[in-house]
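Trainee: To be precise about what I am sending: the file is called start25.tsv and holds TSV, C-alpha atoms.
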chain	number	residue	atom	x	y	z
O	103	MET	CA	-7.31	-11.69	35.10
O	104	PRO	CA	-6.91	-14.54	32.61
O	105	VAL	CA	-5.85	-13.15	29.26
O	106	GLU	CA	-7.03	-14.77	26.06
O	107	ARG	CA	-5.65	-13.99	22.66
O	108	ALA	CA	-8.16	-12.98	20.01
O	109	SER	CA	-7.32	-13.35	16.34
O	110	GLY	CA	-6.76	-10.13	14.46
O	111	GLY	CA	-9.96	-10.18	12.47
O	112	SER	CA	-12.18	-10.54	15.52
O	113	SER	CA	-12.26	-6.86	16.42
O	114	LEU	CA	-13.33	-4.41	13.78
O	115	ILE	CA	-11.91	-1.51	15.75
O	116	ASP	CA	-8.51	-3.12	15.93
O	117	VAL	CA	-8.63	-3.87	12.22
O	118	LEU	CA	-9.65	-0.33	11.30
O	119	ASP	CA	-6.99	1.02	13.59
O	120	ARG	CA	-4.41	-0.71	11.44
O	121	VAL	CA	-5.59	-0.98	7.86
O	122	LEU	CA	-6.71	2.58	7.17
O	123	ASP	CA	-3.42	4.40	7.36
O	124	LYS	CA	-0.65	1.99	8.23
O	125	GLY	CA	1.59	-0.27	6.16
O	126	ILE	CA	2.18	0.66	2.54
O	127	VAL	CA	0.23	3.81	1.76
O	128	ILE	CA	-0.24	5.36	-1.65
O	129	ASP	CA	-1.26	8.98	-1.45
O	130	ALA	CA	-5.00	9.39	-1.54
O	131	TRP	CA	-4.98	11.73	-4.50
O	132	VAL	CA	-2.96	9.19	-6.42
O	133	ARG	CA	-5.72	6.70	-5.88
O	134	VAL	CA	-8.12	9.11	-7.47
O	135	SER	CA	-5.81	9.39	-10.44
O	136	LEU	CA	-5.60	5.65	-10.69
O	137	VAL	CA	-9.31	5.35	-10.81
O	138	GLY	CA	-9.76	8.13	-13.30
O	139	ILE	CA	-7.11	7.73	-15.92
O	140	ASP	CA	-4.46	5.20	-16.81
O	141	LEU	CA	-1.47	6.61	-15.13
O	142	ILE	CA	1.23	4.49	-13.78
O	143	THR	CA	2.80	2.81	-16.75
O	144	VAL	CA	1.73	5.36	-19.26
O	145	GLU	CA	2.80	8.64	-17.80
O	146	ALA	CA	3.90	8.31	-14.26
O	147	ARG	CA	5.89	6.04	-12.05
O	148	VAL	CA	5.76	5.14	-8.43
O	149	VAL	CA	8.34	6.71	-6.18
O	150	VAL	CA	9.07	5.90	-2.61
O	151	ALA	CA	8.41	8.98	-0.53
O	152	SER	CA	9.50	7.51	2.78
O	153	ILE	CA	10.17	4.24	4.55
O	154	ASP	CA	10.30	3.69	8.27
O	155	THR	CA	10.60	0.48	10.14
O	156	TYR	CA	10.32	0.62	13.87
O	157	LEU	CA	12.65	-2.08	14.99
O	158	LYS	CA	13.95	-0.85	18.31
O	159	TYR	CA	12.48	-1.78	21.62
O	160	SER	CA	12.14	1.71	22.99
O	161	GLU	CA	12.62	2.48	26.63
O	162	ALA	CA	9.41	1.84	28.46
O	163	VAL	CA	9.71	5.15	30.27
O	164	ALA	CA	10.10	7.04	27.03
O	165	GLN	CA	7.11	5.17	25.73
O	166	THR	CA	4.88	6.29	28.56
O	167	THR	CA	5.69	9.89	27.90
O	168	THR	CA	5.29	9.53	24.15
O	169	ALA	CA	1.97	7.84	24.67
O	170	SER	CA	0.48	11.21	25.48
O	171	SER	CA	2.49	13.61	23.36
O	172	ARG	CA	3.92	11.40	20.62
O	173	PRO	CA	6.58	13.81	19.39
O	174	VAL	CA	7.85	11.49	16.66
O	175	ASP	CA	4.45	10.83	15.19
O	176	GLY	CA	3.61	14.45	15.72
O	177	ARG	CA	6.38	15.48	13.43
O	178	ALA	CA	5.31	13.01	10.77
O	179	HIS	CA	1.78	14.24	11.24
O	180	GLU	CA	2.80	17.84	10.64
O	181	ALA	CA	4.64	16.84	7.50
O	182	LEU	CA	1.53	15.02	6.38
O	183	LEU	CA	-0.62	18.03	7.16
O	184	ALA	CA	1.64	20.24	5.10
O	185	GLU	CA	1.60	17.75	2.27
O	186	ASN	CA	-2.15	17.46	2.58
O	187	ALA	CA	-2.51	21.22	2.26
O	188	ALA	CA	-0.32	21.25	-0.83
O	189	LEU	CA	-2.31	18.45	-2.39
O	190	LYS	CA	-5.57	20.19	-1.64
O	191	ALA	CA	-4.26	23.26	-3.40
O	192	GLN	CA	-3.38	21.12	-6.38
O	193	LEU	CA	-6.80	19.52	-6.31
O	194	ALA	CA	-8.40	22.95	-6.24
O	195	ALA	CA	-6.29	24.09	-9.16
O	196	GLY	CA	-7.19	20.96	-11.08
O	197	THR	CA	-10.88	21.42	-10.43
O	198	ARG	CA	-10.82	25.06	-11.48
O	199	ALA	CA	-8.95	24.11	-14.61
O	200	LYS	CA	-11.61	21.57	-15.41
O	201	ARG	CA	-14.44	24.01	-14.79
O	202	ARG	CA	-12.86	26.50	-17.13
O	203	ARG	CA	-12.56	23.86	-19.77
O	204	THR	CA	-16.08	22.64	-19.41
O	205	GLU	CA	-17.65	26.06	-19.35
T	2	MET	CA	4.42	16.62	-9.94
T	3	PRO	CA	2.35	19.42	-11.36
T	4	GLU	CA	1.82	17.28	-14.44
T	5	VAL	CA	0.40	14.48	-12.41
T	6	GLN	CA	-1.91	16.79	-10.63
T	7	LYS	CA	-3.59	17.71	-13.89
T	8	LYS	CA	-4.49	14.09	-14.39
T	9	LYS	CA	-6.93	14.14	-11.57
T	10	ARG	CA	-8.86	17.18	-12.54
T	11	GLY	CA	-11.93	14.96	-12.43
T	12	ALA	CA	-11.86	15.10	-8.66
T	13	LYS	CA	-14.77	17.07	-7.34
T	14	ALA	CA	-14.29	20.13	-5.23
T	15	SER	CA	-15.90	18.38	-2.30
T	16	ALA	CA	-12.95	16.03	-2.31
T	17	ARG	CA	-11.01	18.85	-0.74
T	18	ALA	CA	-13.43	19.23	2.09
T	19	ARG	CA	-13.49	15.52	2.66
T	20	ALA	CA	-9.74	15.25	2.46
T	21	LYS	CA	-9.62	17.33	5.62
T	22	GLU	CA	-10.93	14.34	7.49
T	23	GLY	CA	-7.53	12.82	7.01
T	24	ALA	CA	-8.11	9.16	6.27
T	25	GLY	CA	-7.40	9.08	2.59
T	26	ALA	CA	-9.22	6.00	1.50
T	27	ARG	CA	-12.37	6.75	3.35
T	28	ALA	CA	-12.30	10.46	2.69
T	29	LEU	CA	-12.10	10.07	-1.03
T	30	ALA	CA	-14.27	7.04	-1.39
T	31	PRO	CA	-17.56	8.80	-2.02
T	32	GLU	CA	-16.00	10.99	-4.68
T	33	VAL	CA	-15.00	8.28	-6.97
T	34	PRO	CA	-18.22	7.09	-8.46
T	35	ALA	CA	-18.71	10.67	-9.62
T	36	ASP	CA	-15.13	10.79	-10.73
T	37	ALA	CA	-15.47	7.53	-12.56
T	38	GLY	CA	-18.57	8.74	-14.34
T	39	PRO	CA	-16.99	10.05	-17.53
T	40	LYS	CA	-14.96	6.89	-17.97
T	41	PRO	CA	-15.95	4.95	-21.04
T	42	GLU	CA	-15.75	1.45	-19.56
T	43	GLY	CA	-18.46	0.64	-17.08
T	44	GLY	CA	-17.54	-2.74	-15.61
T	45	ALA	CA	-13.77	-2.45	-15.96
T	46	ARG	CA	-11.78	-4.84	-13.83
T	47	GLY	CA	-8.90	-3.70	-11.69
T	48	LYS	CA	-6.77	-5.38	-9.11
T	49	TYR	CA	-7.07	-4.81	-5.40
T	50	VAL	CA	-3.72	-5.16	-3.61
T	51	TYR	CA	-3.55	-6.67	-0.11
T	52	CYS	CA	0.13	-7.01	0.62
T	53	ILE	CA	3.61	-7.59	-0.71
T	54	ILE	CA	5.43	-10.85	-0.04
T	55	GLN	CA	8.64	-12.54	-1.05
T	56	SER	CA	8.02	-15.24	-3.65
T	57	GLY	CA	9.59	-16.17	-6.94
T	58	GLU	CA	6.58	-18.13	-8.12
T	59	THR	CA	2.95	-17.43	-8.81
T	60	LEU	CA	0.73	-18.39	-5.90
T	61	ARG	CA	-2.99	-18.85	-5.37
T	62	PHE	CA	-4.73	-18.47	-2.05
T	63	GLY	CA	-8.30	-19.31	-2.99
T	64	PRO	CA	-11.57	-17.36	-3.16
T	65	LEU	CA	-11.07	-15.01	-0.22
T	66	GLY	CA	-11.00	-11.66	-1.91
T	67	ILE	CA	-12.86	-8.44	-1.32
T	68	GLY	CA	-16.33	-8.04	-2.78
T	69	ALA	CA	-19.75	-9.67	-2.50
T	70	ASP	CA	-18.61	-12.63	-4.55
T	71	PRO	CA	-15.14	-13.32	-3.09
T	72	ALA	CA	-12.64	-13.26	-5.91
T	73	ASP	CA	-9.69	-15.57	-6.31
T	74	VAL	CA	-6.62	-14.26	-4.49
T	75	HIS	CA	-3.39	-14.67	-6.42
T	76	THR	CA	0.00	-13.03	-6.92
T	77	VAL	CA	1.49	-10.69	-9.46
T	78	ASN	CA	5.22	-11.33	-9.46
T	79	TYR	CA	8.29	-9.29	-10.19
T	80	LYS	CA	11.71	-10.86	-9.63
T	81	ASP	CA	11.53	-12.45	-6.17
T	82	ILE	CA	8.72	-10.33	-4.76
T	83	ALA	CA	5.00	-10.48	-5.38
T	84	ALA	CA	1.87	-8.48	-4.77
T	85	VAL	CA	-1.08	-10.44	-3.41
T	86	VAL	CA	-4.14	-9.27	-5.35
T	87	SER	CA	-7.65	-10.13	-6.44
T	88	ASP	CA	-9.71	-8.90	-9.37
T	89	THR	CA	-12.24	-6.26	-8.50
T	90	PRO	CA	-14.27	-3.59	-10.24
T	91	ILE	CA	-12.35	-0.34	-10.60
T	92	GLU	CA	-13.88	1.66	-7.81
T	93	VAL	CA	-12.85	2.89	-4.44
T	94	HIS	CA	-13.92	0.46	-1.76
T	95	ASP	CA	-15.67	1.92	1.24
T	96	PRO	CA	-14.21	0.71	4.50
T	97	THR	CA	-17.31	-1.24	5.44
T	98	ARG	CA	-17.16	-4.08	7.92
T	99	GLU	CA	-17.18	-6.69	5.12
T	100	ASN	CA	-14.52	-4.96	3.05
T	101	VAL	CA	-12.18	-4.25	5.91
T	102	LEU	CA	-12.50	-7.75	7.30
T	103	ALA	CA	-11.93	-9.23	3.83
T	104	HIS	CA	-8.72	-7.21	3.54
T	105	GLU	CA	-7.60	-8.49	6.92
T	106	ARG	CA	-8.72	-12.08	6.22
T	107	VAL	CA	-6.54	-12.24	3.12
T	108	ASN	CA	-3.53	-10.84	4.94
T	109	GLU	CA	-3.97	-13.26	7.82
T	110	THR	CA	-4.20	-16.18	5.44
T	111	VAL	CA	-1.12	-15.18	3.48
T	112	MET	CA	0.73	-14.46	6.70
T	113	ARG	CA	0.47	-18.07	7.85
T	114	LYS	CA	3.14	-19.00	5.32
T	115	TYR	CA	4.75	-15.78	4.19
T	116	THR	CA	6.23	-12.64	5.60
T	117	VAL	CA	3.82	-9.91	4.67
T	118	ILE	CA	4.16	-6.17	4.19
T	119	PRO	CA	0.56	-5.06	4.46
T	120	MET	CA	-0.93	-2.56	2.08
T	121	SER	CA	-3.26	-0.04	3.64
T	122	PHE	CA	-6.92	-0.53	2.84
T	123	GLY	CA	-8.43	0.42	-0.48
T	124	THR	CA	-5.70	0.40	-3.10
T	125	VAL	CA	-6.87	-0.61	-6.56
T	126	PHE	CA	-4.70	-0.71	-9.65
T	127	LYS	CA	-6.02	-0.68	-13.12
T	128	THR	CA	-3.95	-3.38	-14.71
T	129	ARG	CA	-1.49	-6.10	-13.92
T	130	ASP	CA	1.22	-4.02	-15.61
T	131	ASP	CA	0.61	-1.20	-13.18
T	132	ILE	CA	1.30	-3.55	-10.30
T	133	VAL	CA	4.46	-4.84	-11.93
T	134	GLU	CA	5.49	-1.21	-12.28
T	135	LEU	CA	4.75	-0.63	-8.60
T	136	LEU	CA	6.89	-3.63	-7.64
T	137	ARG	CA	9.67	-2.57	-9.99
T	138	SER	CA	9.74	1.05	-8.86
T	139	ALA	CA	9.70	0.34	-5.16
T	140	TYR	CA	11.59	-2.94	-5.36
T	141	ASP	CA	14.48	-1.89	-3.14
T	142	ALA	CA	12.19	-0.55	-0.46
T	143	PHE	CA	9.98	-3.62	-0.46
T	144	HIS	CA	12.92	-5.96	-0.50
T	145	ASP	CA	14.63	-4.17	2.35
T	146	VAL	CA	11.53	-4.17	4.51
T	147	LEU	CA	10.72	-7.81	3.69
T	148	VAL	CA	14.17	-8.78	4.94
T	149	LYS	CA	13.70	-6.75	8.11
T	150	MET	CA	10.26	-8.20	8.79
T	151	GLN	CA	11.26	-11.76	7.94
T	152	ASP	CA	9.42	-14.15	10.28
T	153	LYS	CA	8.09	-11.43	12.52
T	154	LEU	CA	4.53	-11.01	13.71
T	155	GLU	CA	2.71	-8.15	15.32
T	156	PHE	CA	0.62	-8.48	18.47
T	157	GLY	CA	-1.66	-5.89	19.97
T	158	LEU	CA	-1.98	-5.34	23.70
T	159	LYS	CA	-4.44	-2.89	25.16
T	160	VAL	CA	-4.67	-2.47	28.89
T	161	LEU	CA	-7.74	-1.01	30.55
T	162	TRP	CA	-8.63	-0.25	34.10
T	163	ASP	CA	-11.63	0.79	36.09
T	164	ARG	CA	-10.91	4.28	37.40
T	165	ASP	CA	-13.25	3.97	40.36
T	166	VAL	CA	-11.63	0.78	41.55
T	167	MET	CA	-8.25	2.43	41.21
T	168	ILE	CA	-9.35	5.51	43.14
T	169	ARG	CA	-10.52	3.30	46.01
T	170	GLU	CA	-7.17	1.57	45.82
T	171	ILE	CA	-5.38	4.90	46.04
T	172	GLU	CA	-7.49	5.98	49.01
T	173	ARG	CA	-6.55	2.77	50.75
T	174	ALA	CA	-2.87	3.08	50.01
T	175	ASP	CA	-2.23	6.83	50.38
T	176	GLU	CA	-2.57	8.21	53.87
T	177	ASP	CA	-2.60	11.87	52.83
T	178	ILE	CA	-5.39	11.32	50.38
T	179	ARG	CA	-7.35	9.29	52.89
T	180	ASN	CA	-6.98	11.98	55.55
T	181	LEU	CA	-8.05	14.68	53.16
T	182	LYS	CA	-11.11	12.71	52.19
T	183	ASN	CA	-12.05	12.23	55.84
T	184	GLN	CA	-11.58	15.94	56.49
T	185	ILE	CA	-13.89	16.80	53.64
T	186	GLY	CA	-16.44	14.42	55.07
T	187	ALA	CA	-16.20	15.93	58.56
T	188	GLN	CA	-15.85	19.59	57.60
T	189	LYS	CA	-18.73	22.01	57.89
T	190	GLY	CA	-19.11	24.86	55.45
T	191	SER	CA	-17.44	25.09	52.07
T	192	THR	CA	-15.25	22.19	51.09
T	193	TYR	CA	-14.53	23.56	47.63
T	194	PHE	CA	-10.78	24.00	48.01
T	195	ALA	CA	-10.34	20.79	49.89
T	196	ARG	CA	-12.19	18.94	47.18
T	197	MET	CA	-10.10	20.62	44.48
T	198	GLN	CA	-6.98	19.59	46.30
T	199	PHE	CA	-8.31	16.07	46.71
T	200	GLY	CA	-9.06	15.85	42.98
T	201	ARG	CA	-5.59	17.00	42.07
T	202	LEU	CA	-3.95	14.51	44.38
T	203	VAL	CA	-6.06	11.66	43.08
T	204	ASP	CA	-5.36	12.58	39.45
T	205	ALA	CA	-1.65	12.74	40.08
T	206	ALA	CA	-1.76	9.40	41.89
T	207	LEU	CA	-3.73	7.82	39.03
T	208	GLN	CA	-1.28	9.19	36.52
T	209	SER	CA	1.77	7.82	38.27
T	210	MET	CA	0.01	4.53	38.89
T	211	SER	CA	-0.81	4.10	35.22
T	212	GLU	CA	2.74	5.02	34.21
T	213	LYS	CA	4.06	2.46	36.62
T	214	TYR	CA	1.80	-0.26	35.22
T	215	VAL	CA	2.67	0.56	31.63
T	216	GLU	CA	6.36	0.68	32.36
T	217	ASP	CA	6.22	-2.69	34.15
T	218	ILE	CA	4.33	-4.31	31.29
T	219	PHE	CA	6.70	-3.02	28.60
T	220	GLU	CA	9.63	-4.10	30.70
T	221	ALA	CA	8.20	-7.58	31.23
T	222	LEU	CA	7.83	-8.08	27.47
T	223	ARG	CA	11.14	-6.61	26.48
T	224	ASP	CA	13.13	-9.80	26.07
T	225	VAL	CA	10.44	-11.65	24.12
T	226	ALA	CA	9.73	-8.87	21.59
T	227	VAL	CA	11.87	-7.37	18.86
T	228	ALA	CA	10.21	-3.98	18.99
T	229	SER	CA	7.31	-2.17	20.53
T	230	ARG	CA	5.22	0.88	19.79
T	231	ALA	CA	3.00	2.78	22.15
T	232	ASN	CA	-0.03	4.22	20.41
T	233	LYS	CA	-2.27	6.77	22.02
T	234	PRO	CA	-4.72	5.16	24.45
T	235	ILE	CA	-8.35	5.49	23.36
T	236	GLY	CA	-10.87	6.65	25.93
T	237	ASP	CA	-10.27	7.19	29.63
T	238	LYS	CA	-10.36	3.54	30.62
T	239	MET	CA	-7.38	2.61	28.48
T	240	ILE	CA	-3.95	3.12	29.97
T	241	MET	CA	-1.91	1.32	27.32
T	242	ASN	CA	-2.41	0.78	23.60
T	243	ALA	CA	0.66	-0.97	22.33
T	244	ALA	CA	1.86	-3.11	19.47
T	245	PHE	CA	4.70	-5.58	19.73
T	246	LEU	CA	6.79	-7.10	16.99
T	247	VAL	CA	7.66	-10.68	17.85
T	248	SER	CA	9.80	-13.27	16.09
T	249	ARG	CA	7.89	-16.35	15.07
T	250	ASP	CA	10.17	-18.47	17.25
T	251	LYS	CA	9.37	-16.30	20.28
T	252	GLU	CA	5.64	-16.33	19.72
T	253	LEU	CA	4.96	-18.92	22.43
T	254	ALA	CA	7.26	-17.21	24.90
T	255	PHE	CA	5.54	-13.89	24.23
T	256	ASP	CA	2.16	-15.51	24.66
T	257	HIS	CA	3.12	-17.05	28.02
T	258	ARG	CA	4.56	-13.77	29.19
T	259	VAL	CA	1.40	-11.84	28.36
T	260	LYS	CA	-0.62	-14.39	30.30
T	261	GLN	CA	1.72	-14.14	33.26
T	262	ILE	CA	1.34	-10.38	33.25
T	263	GLY	CA	-2.40	-10.82	33.17
T	264	ALA	CA	-2.29	-13.16	36.13
T	265	ARG	CA	-0.16	-10.68	38.06
T	266	HIS	CA	-2.52	-7.74	37.56
T	267	ASP	CA	-5.99	-8.76	38.61
T	268	LYS	CA	-7.31	-5.20	38.56
T	269	LEU	CA	-6.44	-4.59	34.92
T	270	THR	CA	-8.22	-5.78	31.81
T	271	PHE	CA	-6.13	-6.96	28.89
T	272	LYS	CA	-7.14	-7.01	25.23
T	273	TYR	CA	-4.61	-9.15	23.51
T	274	THR	CA	-4.85	-9.63	19.74
T	275	GLY	CA	-2.88	-11.14	16.91
T	276	PRO	CA	-1.00	-12.27	15.08
T	277	TRP	CA	-1.26	-9.27	12.79
T	278	PRO	CA	0.76	-8.31	9.76
T	279	PRO	CA	3.33	-5.76	10.97
T	280	TYR	CA	1.14	-2.72	10.33
T	281	ASN	CA	2.57	-0.76	13.22
T	282	PHE	CA	6.17	-1.41	12.26
T	283	VAL	CA	6.17	-0.64	8.57
T	284	ASN	CA	5.50	2.72	7.09
T	285	ILE	CA	6.10	3.01	3.36
T	286	ARG	CA	4.66	6.10	1.69
T	287	LEU	CA	4.45	6.05	-2.07
T	288	LYS	CA	3.48	8.66	-4.57
T	289	LEU	CA	3.37	9.07	-8.29
T	290	GLU	CA	5.84	11.07	-10.25
T	291	ARG	CA	5.86	12.01	-13.90
T	292	ALA	CA	7.76	9.36	-15.86
T	293	LYS	CA	10.86	10.47	-17.69
T	294	GLU	CA	10.48	11.01	-21.41
T	295	GLY	CA	11.02	7.93	-23.44
T	296	LYS	CA	10.78	5.55	-20.53
Kindly return the structure encoded in the file as structure tokens.

Mentor:
Amino acid sequence: MPVERASGGSSLIDVLDRVLDKGIVIDAWVRVSLVGIDLITVEARVVVASIDTYLKYSEAVAQTTTASSRPVDGRAHEALLAENAALKAQLAAGTRAKRRRTE
Amino acid sequence: MPEVQKKKRGAKASARARAKEGAGARALAPEVPADAGPKPEGGARGKYVYCIIQSGETLRFGPLGIGADPADVHTVNYKDIAAVVSDTPIEVHDPTRENVLAHERVNETVMRKYTVIPMSFGTVFKTRDDIVELLRSAYDAFHDVLVKMQDKLEFGLKVLWDRDVMIREIERADEDIRNLKNQIGAQKGSTYFARMQFGRLVDAALQSMSEKYVEDIFEALRDVAVASRANKPIGDKMIMNAAFLVSRDKELAFDHRVKQIGARHDKLTFKYTGPWPPYNFVNIRLKLERAKEGK
């Protein structure tokens, strides 16, 4: 079939697929902090938690198998899940602390 | 980090439940108006960040920014790198169609002239100084990635097929499967096991057919792309959901190649998009850490 190229912005799904969690990501809970209280320059600084660039042209065969199981992403995902759990615990602690203060 | 955590005690408990959904920006978005409630300033202005580029001078890109009244897009510079930003109210932006497309529109515009490291959607900083601090703190990372992504563009290629057409194709091509199908048609009594067997054979044939297609397509694009990533296909019609990183000087060659592949496979449907900022090839995770005393 004839293939036509569509510009990036023409498909919302393709845009969402990219912009929500790819590129430079600042942890979600940090965003909350940023909105709430002056943070960065006053009391905290930005640190780089991880950088990956995917510059190799992987073997096509390996790609087909990873398309279903995605072991590499899976690992990153688990790390994220663990981090997420830790952050949620922190959030919970923070919220309880606030409740105690406000009561 | 425990110190930092205290700073966001304003977050509501429901933020935890929502955080389970995974997508940070979206998950936390509804919490913030409540979170922002106690803040003294009502209409405070922050800066929404779209991407990081290499530039020693201040640039303006025009009124393209996020928001109902598109704000002027400009840079905040630190040394030879710059954040592309626009002024915005301090709030978390919901990933609505308008907002998400505005984010993408800015990045596409900037990308025409500059190598871009895209920021994920929804990052707002309070002040210009905060952004300078971001650039300063992560300078090495940004600089390194900017060099690696120099003059490279991302393209998306999704390949879909029609399962039914493919099954007919398989029945035509595979004698065993064809025979089995004919047997089922002719057989009296229960055909349950024969049909199970038929289903298994067809599934296996579909699977190996799709792998073959995907492998061929990756292979055909290998010498015109710098890198590729296979994302998980979405839905049962999609057999390939890939992103390719392509040098600007190979863009035409890549384009021709994709069209050739399309011409070669008349039973497949191709969704070819781009150029994109290299979202699929850059992953920089940042977090906040308590500043050292006396910094």

Trainee: Interatomic distance between CA of Ala45 in chain T and CA of Leu136 in chain T?

Mentor: 22.3 Å

Trainee: Given 5 Å of margin on each side, can you work out the centre and size in Å (one decimal) of an axis-aligned box holding every listed atom of range 48-62 of chain T, as JSON?

Mentor:
{"center_x": 1.3, "center_y": -11.8, "center_z": -4.2, "size_x": 26.7, "size_y": 24.0, "size_z": 19.7}

Trainee: If we count all atoms listed in the file and set the cut-off at 6 Å, which residues sit around Gly47 in chain T, ignoring sequence neighbours fewer than 5 positions away in its own chain? Please answer as a list in words.

Mentor: Asp88, Thr89, Pro90, Ile91, Phe126, Lys127 and Thr128 of chain T

Trainee: Tell me, as a PyMOL selection string, which residues lie within 8 Å of Leu158 in chain T, counting all atoms listed in the file; anything in the same chain fewer than 2 positions away does not count.

Mentor: chain T and resi 156+160+241-245+271-274

Trainee: Would you write out those residues with C-alpha atoms, as a PDB file, keeping the file's coordinate frame?

Mentor:
ATOM      1  CA  PHE T 156       0.620  -8.480  18.470  1.00  0.00           C
ATOM      2  CA  VAL T 160      -4.670  -2.470  28.890  1.00  0.00           C
ATOM      3  CA  MET T 241      -1.910   1.320  27.320  1.00  0.00           C
ATOM      4  CA  ASN T 242      -2.410   0.780  23.600  1.00  0.00           C
ATOM      5  CA  ALA T 243       0.660  -0.970  22.330  1.00  0.00           C
ATOM      6  CA  ALA T 244       1.860  -3.110  19.470  1.00  0.00           C
ATOM      7  CA  PHE T 245       4.700  -5.580  19.730  1.00  0.00           C
ATOM      8  CA  PHE T 271      -6.130  -6.960  28.890  1.00  0.00           C
ATOM      9  CA  LYS T 272      -7.140  -7.010  25.230  1.00  0.00           C
ATOM     10  CA  TYR T 273      -4.610  -9.150  23.510  1.00  0.00           C
ATOM     11  CA  THR T 274      -4.850  -9.630  19.740  1.00  0.00           C
TER      12      THR T 274
END

Trainee: Report the distance between CA of Ile82 in chain T and CA of Met150 in chain T in Å, rounded to one decimal place.

Mentor: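 Distance reported for this atom pair: 13.8 Å.
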
Trainee: Please list as a PyMOL selection string every residue within 10 Å of Thr116 in chain T, counting all atoms listed in the file and excluding residues in the same chain fewer than 2 positions away.

Mentor: chain T and resi 52-56+108+111-114+118-119+147-154+278-279

Trainee: In Å, with one decimal, what is the gap from CA of Asp204 in chain T to CA of Met167 in chain T?

Mentor: 10.7 Å

Trainee: Have a look at T:Arg173, T:Val50, T:Tyr115, T:Gln198 and name the one nearest to chain O; count all atoms listed in the file.

Mentor: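 Once distances to chain O are computed over all atoms listed in the file, the minimum belongs to T:Val50.
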
Trainee: Rank O:Ile153, O:Ile115, O:Ala191, O:Ala184 by their smallest atom-to-atom distance to chain T, using only C-alpha atoms, and report the top residue only.

Mentor: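 Closest candidate: O:Ile153.
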
Trainee: Find the residue from T:Ile235, T:Ile67, T:Ile185, T:Val146 that sits nearest to chain O; use all atoms listed in the file when measuring.

Mentor: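 For chain O, the nearest of the candidates is T:Val146.
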
Trainee: Kindly provide, as number ranges by chain, the polymer residues lying within 6 Å of (-7.2, -15.2, -3.4), counting only C-alpha atoms and using the coordinates exactly as they appear in the file.

Mentor: T: 61-66, 73-75, 87

Trainee: May I have the residues within 10 Å of Lys268 in chain T as a list in words, using only C-alpha atoms and disregarding those fewer than 3 positions away in the same chain?

Mentor: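 Residues near the query, excluding close chain neighbours: Met103 of chain O; Leu161, Trp162, Asp163, Val166, Met167, Glu170, Gly263, Ala264, Arg265 and Phe271 of chain T.
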
Trainee: When you count only C-alpha atoms, which of these residues is closest to Ser113 in chain O: T:Asp145, T:Gly275, T:Ser191, T:Gly200?

Mentor: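 Smallest separation from Ser113 in chain O among the options: T:Gly275.
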
Trainee: Here is a test: counting all atoms listed in the file, which residue of T:Ala187, T:Val77, T:Leu102, T:Ile168 is nearest to chain O?

Mentor: T:Leu102

Trainee: Write out as a PyMOL selection string the residues lying within 12 Å of Asp256 in chain T, counting only C-alpha atoms and excluding same-chain residues fewer than 3 positions away.

Mentor: (chain O and resi 105-108) or (chain T and resi 155-158+221-222+225-226+245+247-253+259-263+273-276)

Trainee: My list of candidates is T:Asp224, T:Glu58, T:Asp267, T:Asp165. Which is closest to chain O when distances are computed with all atoms listed in the file?

Mentor: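 For chain O, the nearest of the candidates is T:Asp267.
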
Trainee: Please determine the residues with any atom at most 12 Å from (-5.5, 5.3, 50.7) (coordinates as given in the file, with all atoms listed in the file counting) and report them as a ChimeraX atom specification.

Mentor: /T:166-183,199,202-203,206
